[in-house]
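One structure is given here, and the rest of the page talks about it.
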Amino acid sequence: MYAEACGKGSPELELTVKVLNINKGHNEELATKSELLSGYENFVSLIKSYSKTMSRDKAIDRAIEDCIRRDILKDFLEEHSSEVRSMLLRDLTLKEWRAVDYKDGVDDGIAKGITQGTSQVAKAMKVAGETVSKIMDYTGLSRREIAAL
């Protein structure tokens, strides 16, 4: 909103992100500082270990059961085990991920277009001398939003 008000384009951000490997045996110091990270590390490690001798879905089920029994992420897994199981069993292919990402982008673009179009119509109505009440009826904008135009 600030960038638009100042007549500038969209704000930009340059960002450098440090990615840490939290798999078992990597960044042990980090895992010891966070019970949650340590639990996640153990959970993932169990799945990988069990997957060597059983199907992925059985490995996930067994890792969930073992973690609950060992009090590793117990509360979370007791409450959300079905969501965790579903998420871990669902492998999105790159093509599927791109399709989801594309749809999200299209939806965002449509929403922005509607917002911009509504603002343009309201501005034109305001310039043409229409009443705030009529602008509100036609655009769905609030009195405050119209006053800000």
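Ordering of the structure tokens sets the chain letters (A, B, ...); residue numbers start at 1 within each chain; ligands are numbered from 1 in the order shown.
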Mind the document's chain letters and residue numbers, and return as an MDAnalysis selection string the residues of region 13-69 of chain A that DSSP labels alpha helix (DSSP H).
chainID A and resid 28:33 35:50 56:69
Using only C-alpha atoms, which residues sit within 7 Å of Leu77 (chain A) once same-chain residues fewer than 3 positions away are excluded, as JSON, numbers by chain?
{"A": [64, 68, 73, 74, 80, 81]}
Keeping only N, CA and C atoms, take the residues you just selected and write them out as a PDB file, in the first residue's frame.
```
ATOM      1  N   ILE A  64       5.251 -43.360  14.266  1.00  0.00           N
ATOM      2  CA  ILE A  64       4.284 -42.598  15.068  1.00  0.00           C
ATOM      3  C   ILE A  64       4.025 -43.328  16.388  1.00  0.00           C
ATOM      4  N   ILE A  68       5.157 -41.935  20.162  1.00  0.00           N
ATOM      5  CA  ILE A  68       4.163 -41.734  21.222  1.00  0.00           C
ATOM      6  C   ILE A  68       4.561 -42.540  22.456  1.00  0.00           C
ATOM      7  N   LEU A  73       7.435 -36.123  20.782  1.00  0.00           N
ATOM      8  CA  LEU A  73       6.352 -35.411  20.094  1.00  0.00           C
ATOM      9  C   LEU A  73       4.988 -36.015  20.418  1.00  0.00           C
ATOM     10  N   LYS A  74       4.875 -36.593  21.595  1.00  0.00           N
ATOM     11  CA  LYS A  74       3.702 -37.381  21.983  1.00  0.00           C
ATOM     12  C   LYS A  74       2.398 -36.609  21.836  1.00  0.00           C
ATOM     13  N   HIS A  80      -2.518 -35.156  16.090  1.00  0.00           N
ATOM     14  CA  HIS A  80      -2.454 -34.909  14.642  1.00  0.00           C
ATOM     15  C   HIS A  80      -1.886 -36.073  13.830  1.00  0.00           C
ATOM     16  N   SER A  81      -1.900 -37.272  14.367  1.00  0.00           N
ATOM     17  CA  SER A  81      -1.255 -38.386  13.661  1.00  0.00           C
ATOM     18  C   SER A  81      -1.864 -38.646  12.285  1.00  0.00           C
TER      19      SER A  81
END
```
Looking at A:Thr16, A:Tyr102, A:Tyr40, A:Leu89, which one is nearest to Ser55 (chain A), with distances taken over only C-alpha atoms?
A:Leu89
Using only C-alpha atoms: which of A:Ala111, A:Leu141, A:Ala147, A:Ala63 has the shortest distance to Ser49 (chain A):
A:Ala63
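Non-sequential neighbours of Lys48 (chain A) (distance at most 10 Å, separation of 5 or more positions within a chain, only C-alpha atoms) are Asn42, Phe43, Thr53, Arg56, Ala59, Ile60 and Ala63 of chain A.
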Just C-alpha atoms for this one: save the residues we selected as an mmCIF file, in the first residue's frame.
```
data_model
loop_
_atom_site.group_PDB
_atom_site.id
_atom_site.type_symbol
_atom_site.label_atom_id
_atom_site.label_comp_id
_atom_site.auth_asym_id
_atom_site.auth_seq_id
_atom_site.Cartn_x
_atom_site.Cartn_y
_atom_site.Cartn_z
ATOM 1 C CA ASN A 42 14.146 -38.664 15.868
ATOM 2 C CA PHE A 43 10.770 -39.098 14.183
ATOM 3 C CA THR A 53 12.585 -53.186 5.982
ATOM 4 C CA ARG A 56 6.569 -46.542 3.682
ATOM 5 C CA ALA A 59 7.171 -47.351 8.559
ATOM 6 C CA ILE A 60 5.284 -44.113 9.194
ATOM 7 C CA ALA A 63 7.394 -44.425 13.832
#
```
